[in-house]
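Just below is one structure, and these are the notes that go with it.
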Amino acid sequence: MNQAADETTIARVQTLRAQLQAASYAYYVLDAPDLPDEVYDRLYRELQDLEAAHPDLVTPDSPTQRVGEKPATQFTSVRHNIPLYSLENAFDLTEFRAWEDRWRRQAPTVGKVEYVAELKIDGNALALTYENGVLVRGVTRGDGVSGEDITPNVRTIRSIPLRLNTDTPPPVVEVRGEAFLPLDVFEQINAEREARGEALFANPRNAAAGTLRQLDSRIVAARRLDFFAYTVHLRDEEMKEKEHPSSSSPSSSSSPSPSTPPSPSPSPSPSSQWAALDLLQTLGFRVNPNRQLCQSETEVQAYFNEWDTKRAQLSYLTDGVVVKLNDFALQQQLGFTQKFPRWAVALKYPAEEVPTLLEAVSFQVGRTGAVTPVAELRPVQLAGTTVARATLHNADRLAELDIHQGDTVIVRKAGEIIPEVVRVLGELRPEHATKATMPTHCPQCASALVKPEDEAVTRCINSSCPAIVQGAIIHWARRDALDIEGLGEKWVKQLVEQGLVQSVADLYGLTVEALLPLDRMGQKSAQNLVDAIAASKTRPWASVLYALGIRHVGTVNAKTLAQHFPTVAALATASPDEIEAVHTIGPEIAQAVFQWFRVPANQTLIDRLQRAGLQLAASPEEQAQLAPGPLAGKTFVLTGTLPTLTRPEASAIIEAAGGKVTSSVSKATDYLVAGEKAGSKLTKAETLGIAILSEAELVAMAGPQTA
C-alpha cells in the first residue's frame with residue numbers, strides 16, 4: 001500500500017521537475033546544455049523512484065511521462081479552432097515578386113514593410129493546445145479544418161514542453177509548428193529496419209508522418225522526433241470550454257502543481273511574427289535559429305540564395321523559405337483567400353535534378369482507366385530518396401520527350417514529391433534505340449484504348465478491366481471512404497485475379513470460406529476481413545458517395561452534394577443545372593455526376609449496394625450534421641480589432657456556420673463585422689446600407705456551436 005507523501009517529498013518532487021525542465025530548456029531550446037548527462041540521468045531516476053512510491057504525485061507534465069502510453073485503439077478526429085491553412089508556393093523570385101504585387105494591390109497605401117524569412121521544414125504540421133501552461137492536446141494538420149488527436153504521441157517529443165516555461169501562463173495558448181525526423185535519426189531507423197528485413201522508409205517526411213500515426217506511443221518515443229515552433233496564439237479563458245468541453249485542465253487536479261524554473265512573465269500578445277518567435281522561445285519551444293528579419297525584398301532574396309547552398313549542411317531537410325509579412329496588423333488587414341493567407345508565401349527551391357538510365361517504359365492503368373506511361377529507371381538518389389520509377393504523364397508528354405529505351409534522362413521531383421522525367425539527353429542515345437509509344441490496347445485487358453480530343457489522358461473504357469476494378473476497390477476501402485480495415489492492396493489484387501470480386505458490390509457477398517484459399521489468409525484474418533466489410537455498411541451517405549469514385553468528386557464535394565441531395569435517388573434524378581446550382585459545384589463536376597448516374601452498369605451497382613444494406617441516404621444524425629448552417633448563403637467582411645476574437649477565429653466561426661468571408665466590401669456583402677478602428681470598410685458599408693454587426697451579434701447569429 002502506498003504511503004501518503006509528506007511535505008518534504010512533495011517539495012523534492014517539485015524541485016526535481018523544475019531542475020529537469022530547466023535542463024531540457026537549456027538543451028533543446030538554448031542549445032547550451034548545463035547538466036552533464038550522468039547528473040540528468042541521476043535526477044531523472046530519483047524522480048521516477050519517488051513517483052513510483054507515491055503515484056498520487058504523478059502529473060501529466062512530469063518529465064517521466066514522455067516514455068509513451070499503452071497502445072491506442074484509434075485516433076479521434078478533432079476540429080481545429082483556428083484552421084491550419086496551407087501556403088501559396090512561389091517557385092522562383094519572379095513568382096515571389098508577383099506575390100508581392102498581389103498583396104500590395106490589397107493594401108495600396110502600405111509603404112516600407114519588414115519580412116520574416118524562416119526555413120521551410122520538410123515535416124508534418126502539428127497544432128498544440130496548452131491550458132494554464134500545461135499541454136492538453138496535440139493534433140495533426142489533417143485537411144486544415146480537422147485533424148487527428150495524437151496527444152500521447154506528441155508528449156513523447158522532447159523538444160515540445162509539457163509545461164510552458166513561465167510562472168504566469170496565459171489561460172489558453174495555441175502553438176503551431178513542424179514535427180520532423182533529423183537526418184541521422186532517419187538513417188539509423190532505416191538501418192535498423194533493413195537489419196530486421198523490414199521495408200525502408202522512403203524519406204524523413206514519410207517516416208515522421210508514419211511515426212506520428214503510430215497507435216503505440218512507445219514506438220513514437222523510440223524514434224526521437226524533433227519539433228520547431230513557428231506560430232503562437234494567446235487565447236482567453238472563455239475559449240477553454242469551446243476547445244475541450246468535456247475535459248478539465250490537468251493543473252486543477254488534486255496532485256501538487258509542479259514548480260517551473262523562474263522566468264519572466266510572458267509579454268502580451270505579440271504584434272509581429274518576429275516577436276512571436278521570441279515569445280515561443282521564452283515559453284520553452286525550440287525555434288529555428290536560422291530565421292532572419294528582412295528589411296526589404298532584396299534581403300529576402302539574399303537569404304533565399306544563401307540557404308540554397310547552406311541547406312545541404314543542415315541536420316534536417318528543408319525545401320524552401322517561408323516569407324511572412326512581419327506586422328500582425330497588416331496580416332489581419334490582408335486576410336486570407338479560400339486556401340492561403342495573403343501575407344505569407346513559400347518560396348521553393350528548384351527541384352533537384354539528376355541523370356540516370358532509362359531501362360524500359362511501362363504503362364499503368366488507374367482506377368478511372370487512365371493509362372500513364374512510367375519510366376523504369378536505373379535506381380538513383382534524388383532529394384533524399386532512391387528513385388527507380390518516374391512518371392511520363394501522358395501520350396503528349398511521351399511524344400514531346402521523344403524518349404527511347406536506353407536513353408539517358410534527367411529526373412526531378414515535381415513539387416518535391418513525384419519523380420518525373422524532365423528531358424532526354426539525345427546526344428547519349430545508343431544506336432538502334434527503340435522509340436517508346438503509347439499502346440493502342442490496354443496492357444491489362446487488351447481492350448482498345450481511347451483518347452478524347454479534349455483530354456490529354458488515354459483511357460481504357462472497359463469497366464471490367466482488372467486494373468480498373470482493382471483501383472476502384474482500393475479506393476472504396478480507403479480510410480476517408482468506406483474505411484475497410486485490412487483490405488490492403490495485396491488482398492485486393494488476389495481477390496480480382498482469382499475472380500472473387502469484379503465490382504465493389506461483390507465484397508458484400510464474400511465469406512470466410514471463400515477467402516481462405518487466398519495466399520497467407522488464415523481463419524482469423526478471413527473473419528476479421530469479413531467483419532470489416534460488414535462494418536463498412538454503416539458508413540454515412542457522404543462517404544459512400546465519395547467511395548463511388550465519380551470523377552472530380554472528392555471528400556469535400558461529396559459532403560457538399562450529400563448535404564443538398566440527402567438520398568441517392570435525389571442525386572441520381574437531379575439535372576445538371578440542379579447539381580450545378582449547389583454552391584462550389586461547377587459545370588464540370590455537375591456533368592460528371594449526371595453522366596455517371598446515366599450509365600446502366602452504375603445503376604446496377606447502386607441497386608446491388610442498396611440491397612447489400614449500405615447507407616445510400618443520410619441518417620437523421622447525418623442530416624443534422626450536413627444541414628446548412630444559420631449563416632448559409634451570407635457573405636461577411638471583417639474589419640477592425642474585435643474584443644476577444646482574432647480575424648482567423650471569427651472567420652472560422654462564420655465558415656463553420658455556413659457563411660462566406662471575403663476581404664472587401666461590395667454590394668454582394670451581407671454583413672460587416674466591425675471592431676475597434678474599423679476604418680474605411682465601415683464607411684463604405686454604411687454608404688452601401690450594409691448591416692453592421694458586433695462580435696457578440698455575430699456569435700449569436702452563428703448559433704450555439706460557437707459558444
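Identifiers for the C-alpha cells are assigned positionally: chains receive A, B, ... in sequence, residues are indexed from 1 per chain, and ligands are indexed from 1 in the order shown.
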
Next item on the list: Please provide as a ChimeraX atom specification all residues within 9 Å of Thr669 in chain A, with the sequence filter that same-chain residues fewer than 5 positions apart are discarded (counting only C-alpha atoms).
Entry: /A:634-637,662,664,685,690-691

Could you write those residues out with N, CA and C atoms, as an mmCIF file, in the first residue's frame?
```cif
data_model
loop_
_atom_site.group_PDB
_atom_site.id
_atom_site.type_symbol
_atom_site.label_atom_id
_atom_site.label_comp_id
_atom_site.auth_asym_id
_atom_site.auth_seq_id
_atom_site.Cartn_x
_atom_site.Cartn_y
_atom_site.Cartn_z
ATOM 1 N N LYS A 634 -24.742 33.631 -46.751
ATOM 2 C CA LYS A 634 -24.444 35.009 -46.366
ATOM 3 C C LYS A 634 -22.948 35.298 -46.509
ATOM 4 N N THR A 635 -22.645 36.503 -46.949
ATOM 5 C CA THR A 635 -21.256 36.915 -47.141
ATOM 6 C C THR A 635 -20.883 37.978 -46.104
ATOM 7 N N PHE A 636 -19.730 37.777 -45.474
ATOM 8 C CA PHE A 636 -19.284 38.652 -44.389
ATOM 9 C C PHE A 636 -17.931 39.273 -44.735
ATOM 10 N N VAL A 637 -17.715 40.468 -44.199
ATOM 11 C CA VAL A 637 -16.406 41.115 -44.233
ATOM 12 C C VAL A 637 -16.057 41.491 -42.799
ATOM 13 N N THR A 662 -15.172 37.363 -47.144
ATOM 14 C CA THR A 662 -14.397 37.995 -48.209
ATOM 15 C C THR A 662 -13.619 39.169 -47.618
ATOM 16 N N SER A 664 -13.145 42.334 -49.114
ATOM 17 C CA SER A 664 -13.520 43.709 -49.452
ATOM 18 C C SER A 664 -15.037 43.881 -49.441
ATOM 19 N N ALA A 685 -19.353 50.380 -46.014
ATOM 20 C CA ALA A 685 -20.528 49.557 -45.690
ATOM 21 C C ALA A 685 -21.717 50.436 -45.340
ATOM 22 N N ILE A 690 -25.130 48.394 -45.820
ATOM 23 C CA ILE A 690 -24.873 47.011 -45.380
ATOM 24 C C ILE A 690 -25.004 46.938 -43.865
ATOM 25 N N ALA A 691 -25.609 45.855 -43.375
ATOM 26 C CA ALA A 691 -25.807 45.694 -41.931
ATOM 27 C C ALA A 691 -24.464 45.561 -41.220
#
```

Next item on the list: Assign secondary structure with DSSP using the backbone only, and return the residues of range 388-526 of chain A in alpha helix (DSSP H) as a ChimeraX atom specification.
Entry: /A:395-401,466-476,489-497,512-515,523-526

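Of the residues under consideration (A:Leu688, A:Gln295, A:Glu649, A:Gly703), A:Gly703 shows the shortest atom-to-atom contact distance to Leu631 in chain A when counting only C-alpha atoms.
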
Notebook entry, point to check: Which residues come within 10 Å of Val450 in chain A, counting only C-alpha atoms, excluding same-chain residues fewer than 4 positions away, as a ChimeraX atom specification?
Noted result: /A:369-371,440-442,457-461

Selection from above, N, CA and C atoms, as an mmCIF file, in the first residue's frame, can you write it?
```cif
data_model
loop_
_atom_site.group_PDB
_atom_site.id
_atom_site.type_symbol
_atom_site.label_atom_id
_atom_site.label_comp_id
_atom_site.auth_asym_id
_atom_site.auth_seq_id
_atom_site.Cartn_x
_atom_site.Cartn_y
_atom_site.Cartn_z
ATOM 1 N N GLY A 369 -9.332 4.233 -65.373
ATOM 2 C CA GLY A 369 -8.979 3.765 -66.706
ATOM 3 C C GLY A 369 -7.865 4.562 -67.347
ATOM 4 N N ALA A 370 -7.383 5.626 -66.688
ATOM 5 C CA ALA A 370 -6.299 6.433 -67.246
ATOM 6 C C ALA A 370 -5.031 5.593 -67.359
ATOM 7 N N VAL A 371 -4.419 5.647 -68.552
ATOM 8 C CA VAL A 371 -3.189 4.888 -68.805
ATOM 9 C C VAL A 371 -2.014 5.863 -68.746
ATOM 10 N N THR A 440 -1.943 0.844 -78.201
ATOM 11 C CA THR A 440 -3.281 1.047 -78.759
ATOM 12 C C THR A 440 -4.330 0.254 -77.991
ATOM 13 N N HIS A 441 -3.870 -0.744 -77.211
ATOM 14 C CA HIS A 441 -4.777 -1.584 -76.440
ATOM 15 C C HIS A 441 -4.330 -1.642 -74.990
ATOM 16 N N CYS A 442 -5.267 -1.828 -74.119
ATOM 17 C CA CYS A 442 -4.993 -1.819 -72.677
ATOM 18 C C CYS A 442 -4.008 -2.921 -72.312
ATOM 19 N N VAL A 457 -5.476 12.628 -71.544
ATOM 20 C CA VAL A 457 -5.369 11.288 -70.977
ATOM 21 C C VAL A 457 -5.879 10.232 -71.945
ATOM 22 N N THR A 458 -5.128 9.140 -72.060
ATOM 23 C CA THR A 458 -5.566 7.963 -72.801
ATOM 24 C C THR A 458 -6.234 7.014 -71.816
ATOM 25 N N ARG A 459 -7.394 6.435 -72.200
ATOM 26 C CA ARG A 459 -8.158 5.644 -71.239
ATOM 27 C C ARG A 459 -8.553 4.281 -71.788
ATOM 28 N N CYS A 460 -8.646 3.339 -70.825
ATOM 29 C CA CYS A 460 -9.340 2.084 -71.056
ATOM 30 C C CYS A 460 -10.771 2.302 -70.571
ATOM 31 N N ILE A 461 -11.741 1.963 -71.411
ATOM 32 C CA ILE A 461 -13.134 2.213 -71.026
ATOM 33 C C ILE A 461 -13.878 0.921 -70.715
#
```

Notebook entry, point to check: For Leu495 in chain A, which residue out of A:Gly659, A:Asp480, A:Ile473, A:Cys445 is the nearest one, using only C-alpha atoms?
Noted result: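 For Leu495 in chain A, the nearest of the given residues is A:Ile473.
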
Check: Could you work out how far CA of Gly471 in chain A lies from CA of Ile589 in chain A, giving the answer in Å with one decimal?
Finding: 20.8 Å

Note to self: What's around range 526-537 of chain A at 7 Å? Count only C-alpha atoms, leave out sequence neighbours fewer than 3 positions away in its own chain, and write the answer as a PyMOL selection string.
What the structure shows: chain A and resi 482-487+508+510-512+515-516+521-523+613-615

Excluding same-chain residues fewer than 4 positions from Val13 in chain A, what lies within 12 Å of it counting only C-alpha atoms, as a compact mmCIF listing (two decimals) with N, CA, C and O atoms, in the first residue's frame?
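In the end it all went to around34.txt:
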```txt
# COMPACT_ATOMS: atom_id res chain seq x y z
N ALA A 5 2.43 11.06 0.63
CA ALA A 5 3.70 11.79 0.61
C ALA A 5 3.69 12.91 1.63
O ALA A 5 2.68 13.61 1.79
N ASP A 6 4.82 13.07 2.33
CA ASP A 6 4.93 14.17 3.28
C ASP A 6 5.38 15.43 2.53
O ASP A 6 5.69 15.40 1.34
N GLU A 7 5.44 16.54 3.27
CA GLU A 7 5.76 17.82 2.63
C GLU A 7 7.17 17.82 2.05
O GLU A 7 7.42 18.42 1.01
N THR A 8 8.09 17.12 2.73
CA THR A 8 9.48 17.07 2.24
C THR A 8 9.54 16.36 0.89
O THR A 8 10.23 16.81 -0.04
N THR A 9 8.80 15.25 0.76
CA THR A 9 8.79 14.51 -0.50
C THR A 9 8.15 15.33 -1.62
O THR A 9 8.65 15.38 -2.75
N ARG A 17 11.48 18.20 -10.74
CA ARG A 17 10.83 18.53 -12.00
C ARG A 17 11.33 19.86 -12.55
O ARG A 17 11.56 20.02 -13.75
N ALA A 18 11.47 20.83 -11.65
CA ALA A 18 11.96 22.14 -12.08
C ALA A 18 13.38 22.04 -12.63
O ALA A 18 13.71 22.65 -13.66
N GLN A 19 14.23 21.26 -11.96
CA GLN A 19 15.61 21.11 -12.44
C GLN A 19 15.66 20.40 -13.79
O GLN A 19 16.41 20.82 -14.69
N LEU A 20 14.87 19.36 -13.95
CA LEU A 20 14.88 18.61 -15.20
C LEU A 20 14.28 19.43 -16.34
O LEU A 20 14.77 19.39 -17.47
N LEU A 43 19.12 12.50 -11.54
CA LEU A 43 17.95 13.24 -11.07
C LEU A 43 16.67 12.63 -11.63
O LEU A 43 15.65 12.52 -10.92
N TYR A 44 16.70 12.22 -12.90
CA TYR A 44 15.54 11.61 -13.53
C TYR A 44 15.16 10.32 -12.81
O TYR A 44 13.98 10.06 -12.53
N ARG A 45 16.17 9.48 -12.48
CA ARG A 45 15.90 8.22 -11.79
C ARG A 45 15.33 8.47 -10.40
O ARG A 45 14.42 7.76 -9.95
N GLU A 46 15.84 9.50 -9.72
CA GLU A 46 15.31 9.82 -8.39
C GLU A 46 13.83 10.21 -8.48
O GLU A 46 13.01 9.77 -7.66
N LEU A 47 13.49 11.03 -9.49
CA LEU A 47 12.10 11.42 -9.67
C LEU A 47 11.23 10.20 -9.99
O LEU A 47 10.13 10.06 -9.46
N GLN A 48 11.73 9.32 -10.84
CA GLN A 48 10.99 8.10 -11.16
C GLN A 48 10.68 7.29 -9.91
O GLN A 48 9.56 6.80 -9.71
N ASP A 49 11.69 7.13 -9.06
CA ASP A 49 11.53 6.33 -7.84
C ASP A 49 10.51 6.96 -6.90
O ASP A 49 9.67 6.26 -6.30
N LEU A 50 10.57 8.29 -6.75
CA LEU A 50 9.62 8.97 -5.87
C LEU A 50 8.20 8.85 -6.40
O LEU A 50 7.24 8.65 -5.64
N GLU A 51 8.03 8.98 -7.72
CA GLU A 51 6.69 8.86 -8.30
C GLU A 51 6.17 7.43 -8.22
O GLU A 51 4.97 7.20 -8.05
N ALA A 52 7.08 6.45 -8.32
CA ALA A 52 6.66 5.06 -8.19
C ALA A 52 6.18 4.78 -6.77
O ALA A 52 5.21 4.03 -6.57
N ALA A 53 6.83 5.38 -5.79
CA ALA A 53 6.44 5.18 -4.40
C ALA A 53 5.19 5.98 -4.04
O ALA A 53 4.45 5.61 -3.12
N HIS A 54 4.96 7.07 -4.77
CA HIS A 54 3.81 7.95 -4.48
C HIS A 54 3.09 8.29 -5.80
O HIS A 54 3.22 9.40 -6.32
N PRO A 55 2.32 7.36 -6.35
CA PRO A 55 1.66 7.59 -7.64
C PRO A 55 0.75 8.81 -7.65
O PRO A 55 0.49 9.38 -8.71
N ASP A 56 0.25 9.22 -6.48
CA ASP A 56 -0.63 10.39 -6.43
C ASP A 56 0.12 11.67 -6.77
O ASP A 56 -0.50 12.71 -7.04
N LEU A 57 1.46 11.63 -6.79
CA LEU A 57 2.24 12.81 -7.13
C LEU A 57 2.48 12.95 -8.63
O LEU A 57 2.99 13.97 -9.09
N VAL A 58 2.15 11.91 -9.40
CA VAL A 58 2.41 11.96 -10.84
C VAL A 58 1.45 12.96 -11.51
O VAL A 58 0.25 12.93 -11.27
N THR A 59 2.01 13.85 -12.33
CA THR A 59 1.20 14.81 -13.08
C THR A 59 1.54 14.68 -14.56
O THR A 59 2.62 14.21 -14.93
N SER A 62 4.97 15.92 -15.88
CA SER A 62 6.23 15.42 -15.32
C SER A 62 7.13 14.91 -16.43
O SER A 62 6.66 14.25 -17.36
N PRO A 63 8.44 15.17 -16.36
CA PRO A 63 9.36 14.67 -17.39
C PRO A 63 9.32 13.15 -17.54
O PRO A 63 9.69 12.62 -18.60
N THR A 64 8.87 12.43 -16.52
CA THR A 64 8.82 10.97 -16.61
C THR A 64 7.67 10.49 -17.50
O THR A 64 7.61 9.30 -17.83
N SER A 255 -3.33 16.62 -7.48
CA SER A 255 -1.88 16.45 -7.38
C SER A 255 -1.23 17.81 -7.24
O SER A 255 -1.73 18.82 -7.72
N PRO A 256 -0.06 17.85 -6.57
CA PRO A 256 0.60 19.14 -6.39
C PRO A 256 1.05 19.72 -7.73
O PRO A 256 1.48 18.99 -8.60
N SER A 257 0.92 21.02 -7.87
CA SER A 257 1.37 21.67 -9.10
C SER A 257 2.88 21.76 -9.09
O SER A 257 3.47 22.30 -8.16
N PRO A 258 3.53 21.21 -10.12
CA PRO A 258 4.98 21.24 -10.12
C PRO A 258 5.49 22.65 -10.31
O PRO A 258 4.88 23.49 -10.96
N SER A 259 6.65 22.89 -9.74
CA SER A 259 7.28 24.20 -9.90
C SER A 259 7.90 24.29 -11.28
O SER A 259 8.21 23.29 -11.91
N THR A 260 8.08 25.51 -11.77
CA THR A 260 8.78 25.72 -13.02
C THR A 260 9.96 26.64 -12.74
O THR A 260 9.96 27.40 -11.77
```

Notebook entry, point to check: Hey, what's within 8 Å of Gly406 in chain A if we count only C-alpha atoms and toss same-chain stuff fewer than 6 positions away? As an MDAnalysis selection string, please?
Noted result: chainID A and resid 357:360 429:430 433

Those residues with C-alpha atoms, as a tab-separated table (two decimals), in the first residue's frame please?
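Done, and the output landed in result.tsv:
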```tsv
chain	number	residue	atom	x	y	z
A	357	LEU	CA	19.47	5.47	-67.50
A	358	LEU	CA	16.02	4.61	-68.84
A	359	GLU	CA	15.77	0.82	-68.79
A	360	ALA	CA	12.16	0.48	-70.01
A	429	ARG	CA	21.26	7.81	-77.18
A	430	PRO	CA	22.55	4.36	-78.19
A	433	ALA	CA	17.31	2.53	-79.75
```

Next item on the list: Apply DSSP to the backbone of this structure and, from range 28-243 of chain A, keep only the residues in strand (DSSP E); write these as a ChimeraX atom specification.
Entry: /A:76-79,89-90,115-121,124-131,134-140,146-149,172-180,226-235

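Atom to atom, CA of Ala375 in chain A and CA of Ala390 in chain A stand 5.1 Å apart.
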
Note to self: Between CA of Gln313 in chain A and CA of Leu119 in chain A, what distance in Å does the model show, to one decimal?
What the structure shows: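 Those two atoms sit 13.2 Å apart.
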